[in-house]
$ cat work-v9.cif   # mmCIF, C-alpha atoms
data_input
#
loop_
_atom_site.label_atom_id
_atom_site.label_comp_id
_atom_site.auth_asym_id
_atom_site.auth_seq_id
_atom_site.Cartn_x
_atom_site.Cartn_y
_atom_site.Cartn_z
CA MET Q 241 82.84 -52.54 102.80
CA PHE Q 242 83.65 -55.94 104.26
CA ALA Q 243 82.87 -54.91 107.83
CA ASP Q 244 82.98 -58.08 109.95
CA ALA Q 245 84.77 -60.11 107.28
CA TRP Q 246 88.30 -58.83 107.95
CA PRO Q 247 88.65 -59.79 111.60
CA LEU Q 248 87.13 -63.18 110.93
CA ALA Q 249 89.35 -63.79 107.91
CA VAL Q 250 92.45 -62.83 109.90
CA LEU Q 251 91.38 -65.14 112.71
CA ALA Q 252 90.71 -67.98 110.27
CA ILE Q 253 94.16 -67.60 108.75
CA LEU Q 254 95.88 -67.39 112.13
CA LEU Q 255 94.07 -70.50 113.33
CA ALA Q 256 94.69 -72.35 110.09
CA TRP Q 257 98.42 -71.85 109.98
CA PRO Q 258 100.68 -70.13 112.52
CA ILE Q 259 98.81 -71.14 115.67
CA PRO Q 260 98.70 -74.91 114.95
CA VAL Q 261 102.36 -74.81 113.93
CA PHE Q 262 103.29 -73.00 117.12
CA LEU Q 263 101.17 -75.29 119.30
CA ALA Q 264 102.50 -78.44 117.66
CA ARG Q 265 106.09 -77.35 118.28
CA ALA Q 266 105.66 -76.20 121.87
CA SER Q 267 107.00 -78.48 124.57
CA TRP Q 268 104.78 -77.31 127.43
CA PRO Q 269 101.73 -79.38 126.30
CA ARG Q 270 103.38 -82.58 127.51
CA ARG Q 271 103.31 -81.18 131.03
CA HIS Q 272 99.82 -79.72 130.72
CA ALA Q 273 98.15 -82.31 128.52
CA ARG Q 274 94.60 -81.52 129.60
CA ALA Q 275 94.93 -77.76 129.10
CA ALA Q 276 96.65 -78.33 125.76
CA ILE Q 277 93.79 -80.55 124.61
CA ALA Q 278 91.31 -77.81 125.57
CA LEU Q 279 93.35 -75.30 123.61
CA TRP Q 280 93.45 -77.55 120.53
CA GLN Q 281 89.68 -78.01 120.81
CA ALA Q 282 89.23 -74.25 121.00
CA VAL Q 283 91.49 -73.81 117.96
CA GLY Q 284 89.38 -76.36 116.11
CA ILE Q 285 86.04 -74.81 117.02
CA ALA Q 286 87.11 -71.21 116.49
CA GLY Q 287 88.97 -72.18 113.32
CA GLY Q 288 85.94 -73.92 111.85
CA LEU Q 289 83.55 -71.14 112.78
CA SER Q 290 85.78 -68.33 111.50
CA LEU Q 291 86.47 -70.27 108.31
CA ILE Q 292 82.72 -70.36 107.65
CA GLY Q 293 82.06 -66.95 109.17
CA ALA Q 294 84.54 -65.05 107.01
CA PRO Q 295 82.94 -65.85 103.62
CA LEU Q 296 79.50 -65.40 105.20
CA ALA Q 297 80.51 -61.94 106.34
CA VAL Q 298 81.84 -61.10 102.87
CA GLY Q 299 78.57 -62.32 101.39
CA VAL Q 300 76.26 -60.28 103.57
CA ALA Q 301 78.48 -57.17 103.75
CA PRO Q 302 76.29 -55.12 101.35
CA LEU Q 303 73.24 -55.82 103.50
CA ASP Q 304 74.59 -54.69 106.83
CA ARG Q 305 77.85 -53.82 108.53
CA HIS Q 306 77.34 -56.57 111.08
CA LEU Q 307 77.41 -60.24 110.20
CA ARG Q 308 74.54 -61.02 112.55
CA THR Q 309 72.12 -58.41 111.22
CA GLY Q 310 73.26 -59.03 107.65
CA LEU Q 311 72.47 -62.73 108.04
CA PHE Q 312 69.09 -61.77 109.45
CA VAL Q 313 68.30 -59.70 106.35
CA LEU Q 314 69.46 -62.53 104.10
CA TRP Q 315 67.35 -65.05 105.99
CA ARG Q 316 64.27 -62.81 105.88
CA ASP Q 317 64.60 -62.36 102.13
CA ALA Q 318 65.33 -66.02 101.56
CA PHE Q 319 62.19 -66.80 103.53
CA HIS Q 320 60.25 -64.80 100.95
CA LEU Q 321 62.14 -66.64 98.20
CA ARG Q 322 64.01 -63.58 97.07
CA VAL Q 323 67.68 -62.74 96.73
CA PRO Q 324 68.59 -59.29 98.03
CA ALA Q 325 69.21 -57.03 95.03
CA SER Q 326 72.42 -55.61 96.47
CA LEU Q 327 74.20 -58.98 96.30
CA GLY Q 328 76.68 -59.17 93.42
CA LEU Q 329 78.38 -62.21 91.96
CA ALA Q 330 81.31 -61.97 94.41
CA GLN Q 331 78.90 -62.06 97.35
CA GLU Q 332 77.03 -65.01 95.91
CA ILE Q 333 80.27 -66.92 95.45
CA ALA Q 334 81.27 -66.14 99.04
CA LEU Q 335 77.91 -67.34 100.36
CA ALA Q 336 78.11 -70.50 98.27
CA LEU Q 337 81.60 -71.13 99.66
CA ALA Q 338 80.31 -70.77 103.21
CA ALA Q 339 77.46 -73.16 102.45
CA VAL Q 340 79.77 -75.75 100.87
CA LEU Q 341 82.17 -75.56 103.82
CA THR Q 342 79.34 -75.98 106.31
CA VAL Q 343 77.83 -78.93 104.53
CA ARG Q 344 81.25 -80.53 104.12
CA LEU Q 345 82.25 -80.09 107.77
CA VAL Q 346 78.93 -81.37 109.10
CA GLY Q 347 78.59 -84.15 106.52
CA VAL Q 348 82.09 -85.50 106.90
CA THR Q 349 81.81 -85.38 110.69
CA LEU Q 350 78.63 -87.46 110.59
CA LEU Q 351 80.03 -89.91 108.03
CA SER Q 352 83.21 -90.27 110.01
CA ALA Q 353 81.24 -90.97 113.20
CA LEU Q 354 79.14 -93.60 111.42
CA ARG Q 355 82.15 -95.26 109.84
CA ILE Q 356 84.03 -95.42 113.13
CA GLU Q 357 80.98 -96.81 114.92
CA ARG Q 358 80.57 -99.51 112.27
CA ASP Q 359 84.25 -100.48 112.44
CA LEU Q 360 84.10 -100.60 116.22
CA ARG Q 361 81.00 -102.78 116.21
CA ARG Q 362 82.76 -105.28 113.94
CA GLN Q 363 85.82 -105.28 116.16
CA ARG Q 364 83.69 -105.73 119.27
CA ASP Q 365 81.80 -108.66 117.74
CA ALA Q 366 85.06 -110.28 116.70
CA VAL Q 367 86.77 -110.06 120.08
CA ASP Q 368 83.60 -110.95 121.98
CA LEU Q 369 83.24 -114.16 119.98
CA ALA Q 370 86.81 -115.17 119.25
CA ALA Q 371 88.76 -113.98 122.29
CA GLU Q 372 88.88 -115.37 125.78
CA HIS Q 373 86.87 -113.29 128.26
CA ALA Q 374 89.22 -112.57 131.16
CA ASP Q 375 86.59 -110.40 132.81
CA ARG Q 376 83.63 -108.25 131.80
CA GLN Q 377 85.94 -105.83 130.00
CA LEU Q 378 89.17 -107.64 129.21
CA ARG Q 379 89.55 -109.83 126.13
CA VAL Q 380 92.61 -111.95 125.43
CA LEU Q 381 93.34 -112.83 121.80
CA GLU Q 382 95.24 -116.01 121.08
CA HIS Q 383 98.01 -114.37 119.05
CA ALA Q 384 101.76 -114.31 119.51
CA ALA Q 385 102.39 -110.69 118.48
CA PRO Q 386 102.24 -108.27 121.40
CA ALA Q 387 99.45 -105.72 121.10
CA ALA Q 388 97.15 -103.93 123.50
CA TYR Q 389 94.32 -101.64 122.62
CA CYS Q 390 90.98 -100.32 123.70
CA LEU Q 391 87.69 -100.61 121.82
CA PRO Q 392 86.02 -97.51 123.21
CA GLY Q 393 82.33 -96.98 123.76
CA THR Q 394 79.67 -97.13 126.45
CA ARG Q 395 80.65 -100.76 127.02
CA PRO Q 396 84.35 -100.64 126.23
CA ARG Q 397 86.58 -103.66 125.67
CA ILE Q 398 90.25 -103.80 126.45
CA VAL Q 399 92.05 -106.23 124.21
CA ILE Q 400 95.46 -107.76 124.74
CA THR Q 401 97.14 -110.73 123.11
CA GLU Q 402 98.77 -113.81 124.60
CA GLY Q 403 101.96 -112.31 123.18
CA THR Q 404 101.52 -109.26 125.38
CA ILE Q 405 101.15 -111.37 128.48
CA ALA Q 406 104.22 -113.41 127.53
CA ALA Q 407 106.33 -110.30 126.86
CA LEU Q 408 105.60 -108.43 130.08
CA ALA Q 409 106.33 -108.75 133.79
CA PRO Q 410 103.26 -108.55 136.03
CA ASP Q 411 103.77 -104.90 136.97
CA GLU Q 412 104.31 -103.99 133.30
CA LEU Q 413 101.11 -105.74 132.33
CA GLU Q 414 99.32 -103.86 135.08
CA ALA Q 415 100.67 -100.60 133.64
CA VAL Q 416 99.40 -101.49 130.16
CA LEU Q 417 95.97 -102.38 131.50
CA ALA Q 418 95.80 -99.22 133.61
CA HIS Q 419 96.68 -97.18 130.52
CA GLU Q 420 93.95 -98.78 128.42
CA ARG Q 421 91.43 -98.57 131.26
CA ALA Q 422 92.10 -94.84 131.45
CA HIS Q 423 91.28 -94.49 127.73
CA ALA Q 424 88.06 -96.42 128.26
CA ARG Q 425 87.06 -94.73 131.52
CA TRP Q 426 87.61 -91.16 130.34
CA ARG Q 427 86.16 -91.71 126.87
CA HIS Q 428 89.27 -90.41 125.15
CA GLU Q 429 87.81 -91.35 121.79
CA LEU Q 430 85.35 -88.48 122.18
CA VAL Q 431 88.34 -86.13 122.29
CA VAL Q 432 90.16 -87.64 119.34
CA GLN Q 433 87.34 -88.45 116.94
CA PRO Q 434 86.22 -84.85 116.22
CA PHE Q 435 89.79 -84.07 115.17
CA VAL Q 436 89.85 -87.16 112.99
CA ALA Q 437 86.63 -85.98 111.35
CA TRP Q 438 87.98 -82.46 110.98
CA GLU Q 439 91.06 -83.85 109.31
CA SER Q 440 89.01 -85.87 106.82
CA ALA Q 441 86.90 -82.80 106.06
CA LEU Q 442 89.93 -80.56 105.49
CA PRO Q 443 92.93 -82.80 104.81
CA LEU Q 444 95.50 -80.06 105.24
CA PRO Q 445 98.72 -79.90 107.28
CA PRO Q 446 97.23 -77.91 110.18
CA ALA Q 447 94.43 -80.44 110.63
CA ARG Q 448 96.96 -83.28 110.49
CA ARG Q 449 99.09 -81.53 113.09
CA ALA Q 450 96.09 -81.06 115.35
CA THR Q 451 95.05 -84.71 115.12
CA ALA Q 452 98.58 -85.95 115.70
CA ALA Q 453 99.05 -83.63 118.67
CA VAL Q 454 95.74 -84.51 120.32
CA THR Q 455 96.26 -88.24 119.76
CA GLY Q 456 99.64 -87.94 121.47
CA LEU Q 457 98.27 -85.85 124.33
CA VAL Q 458 95.54 -88.39 125.04
CA GLU Q 459 98.21 -91.10 125.23
CA MET Q 460 100.05 -88.94 127.74
CA LEU Q 461 96.91 -88.54 129.86
CA ALA Q 462 96.51 -92.33 129.90
CA ASP Q 463 100.22 -92.68 130.70
CA ASP Q 464 99.77 -90.40 133.70
CA HIS Q 465 96.97 -92.60 135.03
CA ALA Q 466 99.04 -95.73 134.47
CA ALA Q 467 102.12 -94.19 136.09
CA ARG Q 468 100.08 -93.34 139.17
CA SER Q 469 98.75 -96.86 139.63
CA ALA Q 470 101.63 -98.99 138.36
CA GLY Q 471 104.61 -96.65 138.63
CA ARG Q 472 106.68 -94.86 136.02
CA PRO Q 473 109.39 -97.53 135.69
CA ALA Q 474 106.89 -100.32 135.00
CA LEU Q 475 105.09 -98.20 132.40
CA ALA Q 476 108.33 -97.17 130.70
CA ARG Q 477 109.51 -100.79 130.59
CA ALA Q 478 106.17 -101.86 129.13
CA LEU Q 479 106.39 -99.18 126.42
CA VAL Q 480 109.86 -100.35 125.49
CA ALA Q 481 108.87 -104.01 125.52
CA ILE Q 482 105.77 -103.53 123.36
CA GLY Q 483 107.13 -100.75 121.14
CA GLY Q 484 110.41 -102.56 120.49
CA THR Q 485 108.70 -105.69 119.20
CA ALA Q 486 105.62 -104.28 117.56
CA GLY Q 487 106.37 -105.05 113.95
CA PRO Q 488 107.40 -102.89 111.03
CA VAL Q 489 107.82 -99.17 111.29
CA PRO Q 490 105.02 -97.35 109.51
CA SER Q 491 106.10 -95.27 106.57
CA GLN Q 492 106.02 -91.57 107.19
CA ARG Q 493 103.27 -89.67 105.50
CA ALA Q 494 104.40 -87.28 102.81
CA GLY Q 495 104.23 -83.72 104.07
CA ASP Q 496 104.58 -84.71 107.69
CA SER Q 497 107.82 -83.63 109.23
CA PRO Q 498 108.04 -84.86 112.80
CA LYS Q 499 111.06 -84.02 114.88
CA PRO Q 500 113.86 -86.38 113.90
CA GLY Q 501 114.02 -89.49 116.03
CA ALA Q 502 110.82 -88.81 117.93
CA THR Q 503 108.07 -91.32 117.37
CA PRO Q 504 105.25 -91.02 119.86
CA THR Q 505 106.51 -94.04 121.78
CA LEU Q 506 110.02 -92.67 122.26
CA ASP Q 507 108.55 -89.31 123.14
CA ARG Q 508 106.37 -90.88 125.80
CA VAL Q 509 109.22 -92.82 127.40
CA GLN Q 510 111.36 -89.71 127.52
CA ARG Q 511 108.50 -87.81 129.07
CA LEU Q 512 108.19 -90.43 131.81
CA LEU Q 513 111.91 -90.17 132.51
CA ARG Q 514 112.13 -86.41 132.65
CA ALA Q 515 109.45 -85.57 135.13
CA ALA Q 516 111.23 -82.72 136.89
CA ALA Q 517 109.32 -80.57 139.35
CA PRO Q 518 107.91 -77.63 137.37
CA ASN Q 519 109.02 -74.09 138.14
CA LEU Q 520 106.61 -71.19 138.56
CA THR Q 521 106.47 -70.20 134.87
CA GLU Q 522 105.71 -73.76 133.87
CA ARG Q 523 103.00 -73.99 136.47
CA LEU Q 524 101.36 -70.85 135.11
CA ILE Q 525 101.28 -72.15 131.53
CA GLY Q 526 98.44 -74.57 132.31
CA PRO Q 527 95.96 -71.97 133.55
CA ALA Q 528 97.11 -69.61 130.79
CA ALA Q 529 96.28 -72.25 128.18
CA TRP Q 530 92.81 -72.76 129.68
CA PHE Q 531 92.25 -69.02 129.62
CA ALA Q 532 93.41 -68.79 126.00
CA ALA Q 533 91.06 -71.64 125.07
CA ILE Q 534 88.06 -69.90 126.61
CA LEU Q 535 89.02 -66.58 125.06
CA LEU Q 536 89.44 -68.13 121.65
CA VAL Q 537 85.88 -69.44 121.59
CA ALA Q 538 84.14 -66.71 123.60
CA GLY Q 539 85.89 -63.76 121.91
CA PRO Q 540 84.79 -64.33 118.30
CA THR Q 541 81.34 -65.46 119.48
CA TRP Q 542 80.89 -62.20 121.34
CA TYR Q 543 82.27 -60.25 118.37
CA VAL Q 544 79.77 -61.78 115.93
CA LEU Q 545 76.77 -61.55 118.28
CA ARG Q 546 77.46 -58.07 119.60
CA MET T 255 77.51 -123.03 129.62
CA ALA T 256 79.28 -120.51 131.80
CA ASN T 257 76.49 -118.67 133.45
CA GLU T 258 77.58 -115.67 135.47
CA ARG T 259 74.15 -115.10 136.96
CA ALA T 260 73.40 -118.20 138.98
CA GLY T 261 70.00 -119.64 138.20
CA GLY T 262 69.19 -117.11 135.51
CA PRO T 263 68.99 -117.89 131.83
CA PRO T 264 72.28 -117.56 129.95
CA ARG T 265 72.74 -114.17 128.33
CA LEU T 266 72.55 -113.79 124.59
CA GLY T 267 76.25 -112.90 124.28
CA GLU T 268 77.25 -116.08 126.10
CA LEU T 269 74.95 -118.13 123.89
CA GLU T 270 76.51 -116.60 120.80
CA ARG T 271 79.96 -117.59 122.01
CA ALA T 272 78.80 -121.10 122.86
CA VAL T 273 77.20 -121.55 119.45
CA MET T 274 80.32 -120.23 117.70
CA ASP T 275 82.41 -122.69 119.69
CA VAL T 276 80.26 -125.53 118.42
CA LEU T 277 80.45 -124.25 114.83
CA TRP T 278 84.21 -123.73 114.98
CA ASN T 279 84.52 -127.36 116.04
CA ALA T 280 82.30 -128.53 113.20
CA PRO T 281 84.05 -127.52 109.98
CA ASP T 282 81.52 -129.41 107.86
CA GLY T 283 78.63 -127.47 109.31
CA THR T 284 75.82 -128.58 111.51
CA THR T 285 72.09 -128.15 112.00
CA ALA T 286 70.35 -126.12 114.69
CA GLN T 287 69.07 -129.34 116.30
CA GLU T 288 72.61 -130.73 116.51
CA ILE T 289 73.77 -127.52 118.14
CA VAL T 290 71.01 -127.83 120.75
CA GLU T 291 72.11 -131.38 121.51
CA ARG T 292 75.81 -130.61 121.65
CA LEU T 293 75.32 -127.66 123.97
CA ALA T 294 73.20 -129.76 126.32
CA ALA T 295 75.72 -132.62 126.24
CA ARG T 296 78.66 -130.29 126.78
CA ASP T 297 77.21 -128.48 129.76
CA GLY T 298 75.07 -131.28 131.15
CA THR T 299 72.05 -128.99 131.20
CA ALA T 300 68.55 -129.21 129.81
CA GLU T 301 68.21 -128.64 126.08
CA LEU T 302 67.61 -125.09 124.96
CA ALA T 303 64.57 -124.36 122.85
CA ALA T 304 65.38 -124.74 119.16
CA THR T 305 63.93 -121.29 118.52
CA THR T 306 66.47 -119.80 120.93
CA VAL T 307 69.33 -121.35 119.03
CA LEU T 308 67.78 -120.25 115.72
CA THR T 309 67.58 -116.69 117.05
CA VAL T 310 71.21 -116.82 118.05
CA LEU T 311 72.19 -118.23 114.66
CA ASP T 312 70.25 -115.48 112.97
CA ARG T 313 72.11 -112.83 114.94
CA LEU T 314 75.43 -114.44 114.10
CA ARG T 315 74.46 -114.52 110.45
CA ARG T 316 73.73 -110.81 110.52
CA LYS T 317 77.15 -110.24 112.03
CA ASP T 318 78.67 -112.22 109.13
CA PHE T 319 80.06 -114.90 111.41
CA VAL T 320 77.79 -117.68 110.18
CA THR T 321 76.58 -118.81 106.78
CA ARG T 322 73.85 -121.31 106.07
CA GLU T 323 72.65 -123.45 103.21
CA ARG T 324 69.56 -125.55 102.67
CA ALA T 325 69.93 -129.21 103.55
CA GLY T 326 66.66 -131.00 102.94
CA ARG T 327 64.03 -129.48 105.21
CA ALA T 328 66.48 -127.85 107.59
CA HIS T 329 69.44 -125.49 107.24
CA ARG T 330 73.04 -126.41 107.62
CA TYR T 331 75.05 -123.75 109.49
CA ARG T 332 78.74 -123.14 109.13
CA ALA T 333 81.24 -120.68 110.59
CA ALA T 334 81.98 -118.07 107.91
CA ARG T 335 85.62 -117.87 109.00
CA THR T 336 87.77 -119.95 111.32
CA ARG T 337 88.52 -118.59 114.76
CA ASP T 338 92.14 -118.04 113.74
CA ASP T 339 91.00 -116.00 110.73
CA VAL T 340 88.82 -113.82 112.95
CA ILE T 341 91.71 -113.25 115.34
CA ALA T 342 94.12 -112.60 112.48
CA SER T 343 91.89 -109.98 110.90
CA SER T 344 91.37 -108.28 114.28
CA MET T 345 95.12 -108.10 114.69
CA LEU T 346 95.57 -106.85 111.15
CA ALA T 347 93.03 -104.08 111.71
CA VAL T 348 94.97 -103.01 114.77
CA LEU T 349 98.45 -103.28 113.33
CA GLU T 350 97.45 -101.43 110.19
CA THR T 351 96.18 -98.47 112.14
CA THR T 352 99.59 -97.61 113.55
CA ASP T 353 99.88 -94.59 111.36
CA ASP T 354 96.25 -94.21 110.40
CA ARG T 355 94.60 -91.93 112.87
CA ARG T 356 91.31 -92.17 111.07
CA SER T 357 90.62 -95.28 113.06
CA ALA T 358 89.18 -95.40 116.53
CA LEU T 359 91.76 -97.96 117.52
CA VAL T 360 94.86 -96.78 119.25
CA ARG T 361 97.48 -99.31 120.17
CA PHE T 362 99.25 -99.09 123.47
CA ALA T 363 102.56 -98.46 121.75
CA GLY T 364 103.30 -97.98 118.09
CA ALA T 365 106.19 -99.69 116.40
CA VAL T 366 109.63 -98.09 116.58
CA SER T 367 112.70 -98.47 114.40
CA ALA T 368 115.77 -100.42 115.47
CA GLU T 369 117.67 -97.22 116.32
CA GLU T 370 114.78 -96.03 118.40
CA ALA T 371 114.50 -99.34 120.18
CA ALA T 372 118.15 -98.87 121.16
CA LEU T 373 117.43 -95.33 122.32
CA LEU T 374 114.47 -96.59 124.30
CA ARG T 375 116.58 -99.20 126.06
CA GLU T 376 119.20 -96.57 126.83
CA ALA T 377 116.52 -94.32 128.26
CA LEU T 378 115.31 -97.19 130.33
CA ALA T 379 118.75 -97.95 131.72
CA GLU T 380 118.90 -94.32 132.78
CA LEU T 381 115.67 -94.78 134.67
CA GLU T 382 116.77 -97.93 136.45
CA GLU T 383 119.91 -96.27 137.83
#
$ encode --input "work-v9.cif" --output "structure tokens"
Amino acid sequence: MFADAWPLAVLAILLAWPIPVFLARASWPRRHARAAIALWQAVGIAGGLSLIGAPLAVGVAPLDRHLRTGLFVLWRDAFHLRVPASLGLAQEIALALAAVLTVRLVGVTLLSALRIERDLRRQRDAVDLAAEHADRQLRVLEHAAPAAYCLPGTRPRIVITEGTIAALAPDELEAVLAHERAHARWRHELVVQPFVAWESALPLPPARRATAAVTGLVEMLADDHAARSAGRPALARALVAIGGTAGPVPSQRAGDSPKPGATPTLDRVQRLLRAAAPNLTERLIGPAAWFAAILLVAGPTWYVLR
Amino acid sequence: MANERAGGPPRLGELERAVMDVLWNAPDGTTAQEIVERLAARDGTAELAATTVLTVLDRLRRKDFVTRERAGRAHRYRAARTRDDVIASSMLAVLETTDDRRSALVRFAGAVSAEEAALLREALAELEE
């Protein structure tokens, strides 16, 4: 009687648990960062849609075997301000669940975007007024602690401290700047922020894993740009210099269980050091991940609209 | 005032910085007219229109960088926070976000523990060989 609900529910469960766990543990994403990001995005989109689609399909199951036509019947009746008689309490609960999930996902995403934009505007104002303008983009804060970061946006700012300049050799500084410029140039925040919003909407381990993984992958993309323009050794030295003096270690979040001894910084240095030429299998993983990403979004869409 | 476009009027952002510089050097506050005079004296240029400076002050007030109070017929303007405070809170915002991915800020490199710093240096030595 649930027709379309089962496949969608199975997909939602797969995407909510085993697939993120598997993806987060895999080691190939560090060599195919872009494809891995696409796959995470597909997991996010398909996961969200199937999570909403499954209760919807349960709700409209008495109206029609197909989700699409069932929704059409529901919509037509709702338009005439009438609830289809065949809907029982279970169906109404399922539909309410779908509605709550939709409103929550959309609402939290919008709120998160607004909050981030407000924070960024404050940060931009502060560095524009209080920091030295080294050029149109680069701001230098008079502070002894080494730090370097990017304030993303249509007019991005790259911020470093006097402490950063003091701690680094010229080629290391160039590597840091190239890394941050890559974040700014390729609008990496647009990749990361949807995951951040998704995580606030559904603060569960799979969402945390996804955000952590994508954040790390974006760093690796920026590292690749920096390594190309400033060289791997300079970038690795810069990571060690900044990471080794960057203040207290953040406490681990409860429930998170990263691999022992692998903070993102250490992971990134090791990645720079072990850049062996990939064999054939490894080279095929990238395209395979792209294909999986497309399939993951297109497959369920086709299934629902068929 | 540093004017990147020769001959053109200074941009609003540059004016805001110039006005903040004046205010940060005047802990007891100052009036708009005094700001006009100090900017002209500092840069050796013609005085800006008072309304221009008032517009800039208004923008800075909306950004919470400037406060004002009545002083007779005019207003007395003051920096809401010292420059060092502004820098310190910027740094704090960044340092605090190390483990908080809900922020849009991502530092170049997060902090590592002492053991990891040692591992990192080892890894580096490997690279230099």
$ residues_around --input "work-v9.cif" --residues "Thr284 of chain T" --least-positions-apart "3" --cutoff "9 Å" --atoms "all atoms listed in the file" --output "list in words"
Val276, Leu277, Ala280, Pro281, Gln287, Glu288, Ile289, His329, Arg330, Tyr331 and Arg332 of chain T
$ resolve_selection --input "work-v9.cif" --expression "the PyMOL selection byres ((chain T and resi 267-273) around 12)" --output "PyMOL selection string"
(chain Q and resi 364-373+376) or (chain T and resi 255-259+263-266+274-280+283-294+296-297+302+306-315+317+319-320+331-333+337)
$ resolve_selection --input "work-v9.cif" --expression "the PyMOL selection byres ((chain Q and resi 398-406) around 10)" --output "PyMOL selection string"
(chain Q and resi 364+367-368+371-392+396-397+407-410+412-413+416-417+420-421+423-424+478+481-482) or (chain T and resi 341+345+361-362)
$ residues_near_point --input "work-v9.cif" --point "(94.7, -78.1, 111.9)" --cutoff "9 Å" --atoms "all atoms listed in the file" --output "ChimeraX atom specification"
/Q:255-257,259-261,280,283-284,287,435,438-439,442-451
$ axis_aligned_box --input "work-v9.cif" --around "segment 277-283 of chain Q" --padding-each-side "5 Å" --output "JSON"
{"center_x": 91.5, "center_y": -77.2, "center_z": 121.8, "size_x": 14.6, "size_y": 16.7, "size_z": 17.6}
$ atom_distance --input "work-v9.cif" --atom1 "atom CA of Ser440 of chain Q" --atom2 "atom CA of Thr541 of chain Q"
25.2 Å
$ residues_around --input "work-v9.cif" --residues "segment 523-529 of chain Q" --least-positions-apart "3" --cutoff "9 Å" --atoms "all atoms listed in the file" --output "PDB file with C-alpha atoms, keeping the file's coordinate frame"
ATOM      1  CA  TRP Q 268     104.780 -77.310 127.430  1.00  0.00           C
ATOM      2  CA  PRO Q 269     101.730 -79.380 126.300  1.00  0.00           C
ATOM      3  CA  ARG Q 271     103.310 -81.180 131.030  1.00  0.00           C
ATOM      4  CA  HIS Q 272      99.820 -79.720 130.720  1.00  0.00           C
ATOM      5  CA  ALA Q 273      98.150 -82.310 128.520  1.00  0.00           C
ATOM      6  CA  ARG Q 274      94.600 -81.520 129.600  1.00  0.00           C
ATOM      7  CA  ALA Q 275      94.930 -77.760 129.100  1.00  0.00           C
ATOM      8  CA  ALA Q 276      96.650 -78.330 125.760  1.00  0.00           C
ATOM      9  CA  ALA Q 278      91.310 -77.810 125.570  1.00  0.00           C
ATOM     10  CA  LEU Q 279      93.350 -75.300 123.610  1.00  0.00           C
ATOM     11  CA  PRO Q 518     107.910 -77.630 137.370  1.00  0.00           C
ATOM     12  CA  ASN Q 519     109.020 -74.090 138.140  1.00  0.00           C
ATOM     13  CA  LEU Q 520     106.610 -71.190 138.560  1.00  0.00           C
ATOM     14  CA  ALA Q 532      93.410 -68.790 126.000  1.00  0.00           C
ATOM     15  CA  ALA Q 533      91.060 -71.640 125.070  1.00  0.00           C
ATOM     16  CA  ILE Q 534      88.060 -69.900 126.610  1.00  0.00           C
TER      17      ILE Q 534
END
$ closest_residue --input "work-v9.cif" --among "Q:Ile285, Q:Leu535, Q:Ala516, Q:Ala437" --to "chain T" --atoms "only C-alpha atoms"
Q:Ala437
$ closest_residue --input "work-v9.cif" --among "Q:Leu296, Q:Ala517, Q:Val454, Q:Leu536" --to "chain T" --atoms "all atoms listed in the file"
Q:Val454
$ atom_distance --input "work-v9.cif" --atom1 "atom CA of Gln433 of chain Q" --atom2 "atom CA of Asp463 of chain Q"
19.3 Å
$ residues_near_point --input "work-v9.cif" --point "(116.6, -93.8, 125.1)" --cutoff "12 Å" --atoms "all atoms listed in the file" --output "PyMOL selection string"
(chain Q and resi 476-477+479-480+484+501-503+505-514) or (chain T and resi 366+368-381)
$ atom_distance --input "work-v9.cif" --atom1 "atom CA of Arg472 of chain Q" --atom2 "atom CA of Ala363 of chain T"
15.3 Å
$ residues_around --input "work-v9.cif" --residues "Pro247 of chain Q" --least-positions-apart "2" --cutoff "10 Å" --atoms "all atoms listed in the file" --output "list in words"
Phe242, Ala243, Asp244, Ala245, Ala249, Val250, Leu251, Ala252, Ile253, Ser290, Ala294, Ala297, Pro540 and Tyr543 of chain Q
$ closest_residue --input "work-v9.cif" --among "Q:Arg270, Q:His428, Q:Arg395, Q:His306" --to "chain T" --atoms "all atoms listed in the file"
Q:His428
$ resolve_selection --input "work-v9.cif" --expression "the PyMOL selection byres ((chain Q and resi 321-324) around 12)" --output "PyMOL selection string"
chain Q and resi 299-304+310-320+325-329+331-332+335
